[in-house]
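A.B. asks: One structure, as structure tokens, below. Some questions next.
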Amino acid sequence: MQLVIMAAGMGSRFGGLKQIAPMGPNDEFIIDYSVYDAIKAGFSKIIFIIKEENYDIFKETIGSRVEPHIAVDYVFQKADNIPSFVTIPEDRVKPWGTAQAIYCAKDAVTEKFIVINSDDFYGRDAFEVAAKFLKESNNNEYATIGYKVANTMTENGSVKRGVLSFEDGLLTKITESSIERQGDKIIATPLSGEPAFEISSDTLVSMNMLAFDPSIFKYLEEKMNVFFKENEEDLSKCEFLIPEVLSEANEEGYAKVNVLDTSAVWYGVTYKEDTDSVKRAFKNLVESGEYPNNLWN
């Protein structure tokens, strides 16, 4: 099993490269804990998706820490890793989105794998749930790990989450939404412009922890061609996003997409104001014995 970590995005709301902001008691990064949990769960290789210009700093910081413990590969999310018929606008600055990021890893991935964000703490249980699924799943069986929404929120503003709809454990829809507390209610406002709706604290949401086998790359390539043809008038801003691709794979019968639930609690720095609470959380996890005080020694 392999772990693909999407680390090409800069944290615009946080300000800077938050993947390498110290959070643990010995200046560990959030990404360190993800790699540690992946190793504990039986993963054998890490593939970092990064910007080419960040290679040296990643190699010197995160790479130097984890390479003694697990096989590591680096791939670059490049703007030109898209269909040849696309003319990239001069004002295009952002990467093409999470689905294109995963596609960039197609030559490095050789086994069943999971995908995560670099700046989210997912928790040990989530990795164990994902690993169990990969060991038991067949080809063209994918999964999204669902978190109780109350376990994924910050006190400092709204968060973007994919609200999961499912039946008999299989995905029926992902509604990408902005989610925030309003009094004693939790309100999800779909990014599509559809009306906002109330959700309960135990509603499952996607945190972009997704499980695949390599069959996803063929589908991503097919969908990327369609995406760029449909968005040829909006190439400055459009994004090719993995939740949308996952929903389509399910709707079209290309894959069976499972929804798996985890008891894990998410931690992350969506806003700078989250930093202190995340540091306290890691301190508590160390003091409770969940992690060693010095993660890699």
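Labels for the structure tokens follow display order: chains A, B, ..., residues from 1 in each chain, ligands from 1.
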Could you pull out the alpha helix (DSSP H) residues of stretch 26-251 of chain A from DSSP and send them as a ChimeraX atom specification?
C.D. replies: /A:30-40,55-58,64-66,98-103,124-136,215-230,242-251
A.B. asks: Would you kindly return, as number ranges by chain, each protein, DNA or RNA residue with an atom no farther than 12 Å from any atom of A:Thr98, considering only C-alpha atoms and excluding same-chain residues fewer than 3 positions away?
C.D. replies: A: 4-9, 49-50, 77, 94-95, 101-105, 115-117, 208-210, 220, 224, 238-246
A.B. asks: Run DSSP on the backbone and give me the residues of stretch 8-190 of chain A it puts in strand (DSSP E), as a VMD selection string.
C.D. replies: chain A and resid 45 to 50 71 to 76 113 to 117 120 to 121 141 to 148 159 to 167 170 to 182 185 to 190
A.B. asks: Any chance you can output those residues with C-alpha atoms as a tab-separated table (two decimals), in the first residue's frame?
C.D. replies:
chain	number	residue	atom	x	y	z
A	45	LYS	CA	5.88	4.08	0.26
A	46	ILE	CA	5.13	7.80	0.40
A	47	ILE	CA	4.67	9.87	-2.77
A	48	PHE	CA	4.72	13.63	-2.25
A	49	ILE	CA	3.03	15.78	-4.89
A	50	ILE	CA	4.74	19.16	-4.69
A	71	ALA	CA	10.53	4.71	0.80
A	72	VAL	CA	9.85	8.20	-0.56
A	73	ASP	CA	9.23	9.57	-4.06
A	74	TYR	CA	8.53	13.10	-5.25
A	75	VAL	CA	6.40	14.14	-8.21
A	76	PHE	CA	5.70	17.64	-9.43
A	113	PHE	CA	-3.07	3.75	-2.44
A	114	ILE	CA	-4.72	6.44	-0.42
A	115	VAL	CA	-4.60	10.18	-1.00
A	116	ILE	CA	-4.50	12.84	1.71
A	117	ASN	CA	-3.90	16.57	2.06
A	120	ASP	CA	-4.60	18.00	7.62
A	121	PHE	CA	-4.16	15.71	10.61
A	141	GLU	CA	-13.37	-0.33	-5.66
A	142	TYR	CA	-12.65	3.08	-4.16
A	143	ALA	CA	-13.53	4.73	-0.86
A	144	THR	CA	-13.80	8.02	0.91
A	145	ILE	CA	-13.17	8.14	4.64
A	146	GLY	CA	-16.06	9.97	6.29
A	147	TYR	CA	-15.55	12.12	9.38
A	148	LYS	CA	-18.30	13.27	11.72
A	159	VAL	CA	-14.41	25.23	6.56
A	160	LYS	CA	-14.85	23.58	3.17
A	161	ARG	CA	-16.02	19.98	3.39
A	162	GLY	CA	-17.73	17.50	1.11
A	163	VAL	CA	-21.04	16.45	2.67
A	164	LEU	CA	-21.46	12.74	1.92
A	165	SER	CA	-24.73	11.17	0.82
A	166	PHE	CA	-24.73	7.38	0.70
A	167	GLU	CA	-26.94	4.32	0.71
A	170	LEU	CA	-22.03	3.28	-1.10
A	171	LEU	CA	-21.62	6.89	-2.16
A	172	THR	CA	-24.50	8.58	-3.94
A	173	LYS	CA	-23.38	12.22	-3.86
A	174	ILE	CA	-20.72	14.59	-2.55
A	175	THR	CA	-21.93	18.14	-1.93
A	176	GLU	CA	-18.92	20.43	-1.67
A	177	SER	CA	-19.91	23.02	0.92
A	178	SER	CA	-18.80	25.80	3.18
A	179	ILE	CA	-19.70	24.71	6.70
A	180	GLU	CA	-19.96	26.77	9.87
A	181	ARG	CA	-21.77	26.93	13.18
A	182	GLN	CA	-24.62	29.40	13.43
A	185	LYS	CA	-26.87	24.76	14.36
A	186	ILE	CA	-24.37	23.55	11.77
A	187	ILE	CA	-25.12	25.01	8.35
A	188	ALA	CA	-23.73	23.70	5.04
A	189	THR	CA	-23.76	26.13	2.11
A	190	PRO	CA	-23.10	24.32	-1.18
A.B. asks: Rounded to one decimal in Å, what is the spacing between atom CA of A:Phe282 and atom CA of A:Phe212?
C.D. replies: 28.9 Å
A.B. asks: Between atom CA of A:Val265 and atom CA of A:Leu285, what is the spacing in Å?
C.D. replies: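 For atom CA of A:Leu285 relative to atom CA of A:Val265, the distance reads 11.4 Å.
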A.B. asks: Do you know which residues are at most 9 Å from A:Asn26 counting only C-alpha atoms, after dropping those on the same chain fewer than 6 positions away, and could you put them as a PyMOL selection string?
C.D. replies: chain A and resi 293-295
A.B. asks: For A:Ile216, which of A:Ser118, A:Gln100, A:Asn284, A:Ser34 is the closest residue, counting only C-alpha atoms?
C.D. replies: A:Gln100
A.B. asks: Show me, as a ChimeraX atom specification, the residues that have an atom within 9 Å of stretch 131-134 of chain A when counting only C-alpha atoms, minus same-chain residues fewer than 3 positions from it.
C.D. replies: /A:1,38,41-43,112-114,126-128,137-138,141-143,211-213,260
A.B. asks: Write out, as a short mmCIF file (atom, residue, chain, number, x, y, z; two decimals), in the first residue's frame, the residues just selected, with all heavy atoms.
C.D. replies:
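What ended up in part.cif:
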data_model
loop_
_atom_site.label_atom_id
_atom_site.label_comp_id
_atom_site.auth_asym_id
_atom_site.auth_seq_id
_atom_site.Cartn_x
_atom_site.Cartn_y
_atom_site.Cartn_z
N MET A 1 0.85 -1.20 0.00
CA MET A 1 0.00 0.00 0.00
C MET A 1 0.88 1.24 0.00
O MET A 1 1.94 1.27 0.62
CB MET A 1 -0.89 0.01 1.24
CG MET A 1 -1.83 -1.18 1.34
SD MET A 1 -2.88 -1.08 2.83
CE MET A 1 -1.64 -1.18 4.12
N ALA A 38 0.81 6.35 8.84
CA ALA A 38 0.79 5.48 7.66
C ALA A 38 1.74 4.29 7.84
O ALA A 38 1.40 3.15 7.49
CB ALA A 38 1.16 6.28 6.41
N ALA A 41 0.25 1.80 10.08
CA ALA A 41 -0.88 1.09 9.46
C ALA A 41 -0.44 0.15 8.35
O ALA A 41 -1.27 -0.55 7.77
CB ALA A 41 -1.89 2.10 8.92
N GLY A 42 0.87 0.12 8.02
CA GLY A 42 1.37 -0.85 7.06
C GLY A 42 1.67 -0.33 5.67
O GLY A 42 1.91 -1.12 4.75
N PHE A 43 1.68 0.98 5.48
CA PHE A 43 2.01 1.53 4.17
C PHE A 43 3.52 1.46 3.95
O PHE A 43 4.31 1.57 4.89
CB PHE A 43 1.52 2.97 4.05
CG PHE A 43 0.03 3.07 3.93
CD1 PHE A 43 -0.79 2.97 5.07
CD2 PHE A 43 -0.59 3.22 2.70
CE1 PHE A 43 -2.17 3.03 4.96
CE2 PHE A 43 -1.96 3.28 2.59
CZ PHE A 43 -2.75 3.18 3.72
N LYS A 112 -2.19 -0.30 -4.73
CA LYS A 112 -3.33 0.38 -4.14
C LYS A 112 -2.82 1.50 -3.25
O LYS A 112 -1.76 1.38 -2.61
CB LYS A 112 -4.18 -0.59 -3.33
CG LYS A 112 -4.90 -1.65 -4.18
CD LYS A 112 -5.73 -2.55 -3.29
CE LYS A 112 -6.47 -3.61 -4.11
NZ LYS A 112 -7.28 -4.49 -3.24
N PHE A 113 -3.60 2.59 -3.16
CA PHE A 113 -3.07 3.75 -2.44
C PHE A 113 -4.19 4.58 -1.85
O PHE A 113 -5.36 4.46 -2.23
CB PHE A 113 -2.22 4.61 -3.37
CG PHE A 113 -2.96 5.27 -4.51
CD1 PHE A 113 -3.27 6.63 -4.47
CD2 PHE A 113 -3.34 4.54 -5.64
CE1 PHE A 113 -3.94 7.23 -5.52
CE2 PHE A 113 -4.01 5.16 -6.69
CZ PHE A 113 -4.31 6.50 -6.64
N ILE A 114 -3.81 5.43 -0.90
CA ILE A 114 -4.72 6.44 -0.42
C ILE A 114 -4.11 7.81 -0.70
O ILE A 114 -2.90 7.95 -0.87
CB ILE A 114 -5.07 6.31 1.08
CG1 ILE A 114 -3.84 6.51 1.97
CG2 ILE A 114 -5.74 4.98 1.36
CD1 ILE A 114 -4.20 6.61 3.46
N ALA A 126 -8.22 6.63 11.20
CA ALA A 126 -8.55 6.80 9.78
C ALA A 126 -7.59 6.02 8.90
O ALA A 126 -8.00 5.40 7.91
CB ALA A 126 -8.50 8.29 9.42
N PHE A 127 -6.31 6.01 9.23
CA PHE A 127 -5.33 5.26 8.45
C PHE A 127 -5.58 3.75 8.57
O PHE A 127 -5.43 3.00 7.60
CB PHE A 127 -3.91 5.60 8.89
CG PHE A 127 -3.42 6.90 8.34
CD1 PHE A 127 -3.56 8.08 9.04
CD2 PHE A 127 -2.81 6.96 7.09
CE1 PHE A 127 -3.11 9.29 8.52
CE2 PHE A 127 -2.36 8.15 6.55
CZ PHE A 127 -2.52 9.32 7.28
N GLU A 128 -5.97 3.31 9.76
CA GLU A 128 -6.24 1.89 9.95
C GLU A 128 -7.50 1.46 9.18
O GLU A 128 -7.54 0.38 8.59
CB GLU A 128 -6.37 1.59 11.45
CG GLU A 128 -5.03 1.73 12.18
CD GLU A 128 -5.17 1.55 13.68
OE1 GLU A 128 -6.31 1.52 14.18
OE2 GLU A 128 -4.12 1.46 14.36
N SER A 137 -10.23 -4.85 -0.61
CA SER A 137 -10.99 -4.37 -1.76
C SER A 137 -10.55 -5.04 -3.05
O SER A 137 -9.43 -5.57 -3.16
CB SER A 137 -10.83 -2.86 -1.90
OG SER A 137 -9.47 -2.52 -2.15
N ASN A 138 -11.44 -5.01 -4.04
CA ASN A 138 -11.14 -5.49 -5.38
C ASN A 138 -10.77 -4.31 -6.29
O ASN A 138 -10.90 -3.15 -5.90
CB ASN A 138 -12.37 -6.22 -5.94
CG ASN A 138 -12.73 -7.43 -5.11
OD1 ASN A 138 -11.88 -8.24 -4.77
ND2 ASN A 138 -14.02 -7.55 -4.78
N GLU A 141 -12.66 -0.64 -6.90
CA GLU A 141 -13.37 -0.33 -5.66
C GLU A 141 -12.60 0.79 -4.96
O GLU A 141 -11.43 0.61 -4.61
CB GLU A 141 -13.48 -1.55 -4.74
CG GLU A 141 -14.57 -2.51 -5.13
CD GLU A 141 -14.84 -3.54 -4.04
OE1 GLU A 141 -13.93 -3.84 -3.25
OE2 GLU A 141 -15.96 -4.05 -4.01
N TYR A 142 -13.26 1.93 -4.79
CA TYR A 142 -12.65 3.08 -4.16
C TYR A 142 -13.37 3.39 -2.85
O TYR A 142 -14.38 2.76 -2.53
CB TYR A 142 -12.72 4.31 -5.08
CG TYR A 142 -12.20 4.10 -6.48
CD1 TYR A 142 -12.70 4.88 -7.54
CD2 TYR A 142 -11.22 3.15 -6.78
CE1 TYR A 142 -12.23 4.71 -8.84
CE2 TYR A 142 -10.75 2.97 -8.08
CZ TYR A 142 -11.27 3.75 -9.11
OH TYR A 142 -10.81 3.59 -10.39
N ALA A 143 -12.86 4.35 -2.11
CA ALA A 143 -13.53 4.73 -0.86
C ALA A 143 -13.18 6.14 -0.47
O ALA A 143 -12.11 6.66 -0.82
CB ALA A 143 -13.14 3.77 0.27
N ALA A 211 -9.35 6.41 -1.02
CA ALA A 211 -8.66 5.15 -1.30
C ALA A 211 -8.93 4.73 -2.75
O ALA A 211 -10.08 4.75 -3.20
CB ALA A 211 -9.13 4.07 -0.33
N PHE A 212 -7.86 4.33 -3.45
CA PHE A 212 -7.96 3.96 -4.86
C PHE A 212 -7.09 2.76 -5.16
O PHE A 212 -6.21 2.40 -4.38
CB PHE A 212 -7.47 5.11 -5.76
CG PHE A 212 -8.25 6.38 -5.66
CD1 PHE A 212 -7.72 7.49 -5.02
CD2 PHE A 212 -9.53 6.49 -6.21
CE1 PHE A 212 -8.42 8.67 -4.93
CE2 PHE A 212 -10.24 7.67 -6.14
CZ PHE A 212 -9.69 8.77 -5.49
N ASP A 213 -7.32 2.19 -6.36
CA ASP A 213 -6.30 1.36 -6.98
C ASP A 213 -5.88 2.07 -8.27
O ASP A 213 -6.51 3.05 -8.67
CB ASP A 213 -6.81 -0.07 -7.24
CG ASP A 213 -7.89 -0.11 -8.30
OD1 ASP A 213 -7.55 0.08 -9.49
OD2 ASP A 213 -9.06 -0.34 -7.97
N LEU A 260 -16.63 5.03 4.20
CA LEU A 260 -16.15 4.40 5.43
C LEU A 260 -16.12 5.45 6.53
O LEU A 260 -15.67 6.57 6.30
CB LEU A 260 -14.75 3.82 5.23
CG LEU A 260 -14.53 2.97 3.97
CD1 LEU A 260 -13.07 2.59 3.85
CD2 LEU A 260 -15.41 1.73 4.00
#
